[in-house]
Amino acid sequence: MNLKSIGRVVLTALPFLLALAVDLLLFATRRDRLPSQLASHFVGNGRVDDYAGQTSYLVVTTLVLLGIGLLWALMTGFGKFAGTAYRVMVGLGYAFAAFLGYLMGAVLLINVDAVEDAQGRGQDVHFPMWHMAAAFGVGVVAFGIGYLAAMLTPVPEPVADDGPEGDGARIALSAGEVAGWGRGAGSWWLPLTALLVIGAGVTILFTAGWPAALPALVIGVLLTTFARPYVTVDRRGITVSGLLPRPRIRVPLDRIEAAASRDIRPFAEYGGWGYRIRPGRSGVMIRSGEGIVARLTNGRDFAVTVDDSATGAALLNTLIDQRRTDH
């Protein structure tokens, strides 16, 4: 951990901490004027269709802003972003924090001085839809502030990459010898993301019920099954699989022309993490750093970030040579 990385983490986490501080201050100064059960969920015309207790509001607001802020700060601070990609990532964090912070604060303010019914629920509470436009506008302004602030933190400019070449490294194999290679492609952020999504789902379950919580719980379980992907190179080609047999991604050996190992910048090159499809390339991006890049017969690239990628790429080139010799 170096000072530059720490500076990026602090810079990215700052808007989420500020948004949380503002929302908590609004709650503390108006707590006595709030109903026991806050109107917390609204349909398209601004009419209330669900309520949450004051404690639930505090828990959800804190978990959402701190959880997303922590994840965003760690990804931005320690990810290998370069140039414009880094500044955009910081700007998006500022925009997201401002957008969420505004909406959380707006929900609180429209409940101020609401008359309670017998169950302690605020009555005659309405969420004006102009708040959504205002939240978006605040997010746009915050993006600009974050982008400019990121320019204060120097980062290396991206280096052009020419992709894998046909004369890459090989592994010596005897005639008829069979070999395979495999490595776990885990990263710290994917299990953390799965945990945060499941935690958010459980929180929503207790505050809003099953219908609202189900999407987060399903997504969290799916992320959990693929939180520790495994990359295999053998005569079948490249395979990326999770804890379960499905889903998995396989690129057959006969579709690969050559392979190489190099550093990969997921956000700059692929627009983010996970399974990514971009013009001329696709891949499984679990983290920044070294990975296998395979040039396919159709001219596209397939990449996967994984440790010891030099060995996997070298074996892949050897297997490609053997296939060509056999045919």
# chains A, B, ... in the order shown; residues from 1 in each chain; ligands from 1
$ residues_around --residues "Asp113 of chain A" --least-positions-apart "4" --cutoff "12 Å" --atoms "only C-alpha atoms" --output "JSON, numbers by chain"
{"A": [30, 31, 32, 33, 34, 35, 36, 38, 108, 109, 121, 122, 123, 124, 125]}
$ select_by_dssp --residues "segment 109-310 of chain A" --states "strand (DSSP E or B)" --output "PyMOL selection string"
chain A and resi 116+121-122+126+181-184+230-234+237-241+248-252+256-264+274-278+281-285+289-296+301-305
$ residues_around --residues "Leu316 of chain A" --least-positions-apart "4" --cutoff "7 Å" --atoms "only C-alpha atoms" --output "JSON, numbers by chain"
{"A": [233, 259, 312, 320]}
$ write_last_selection --atoms "C-alpha atoms" --output "PDB file, in the first residue's frame"
ATOM      1  CA  VAL A 233      -6.203 -24.537 -20.062  1.00  0.00           C
ATOM      2  CA  ALA A 259      -2.006 -16.460 -26.672  1.00  0.00           C
ATOM      3  CA  GLY A 312      -1.260 -20.753 -18.991  1.00  0.00           C
ATOM      4  CA  ILE A 320      -2.179 -24.848 -30.564  1.00  0.00           C
TER       5      ILE A 320
END
$ atom_distance --atom1 "atom CA of Pro252 of chain A" --atom2 "atom CA of Phe302 of chain A"
11.3 Å
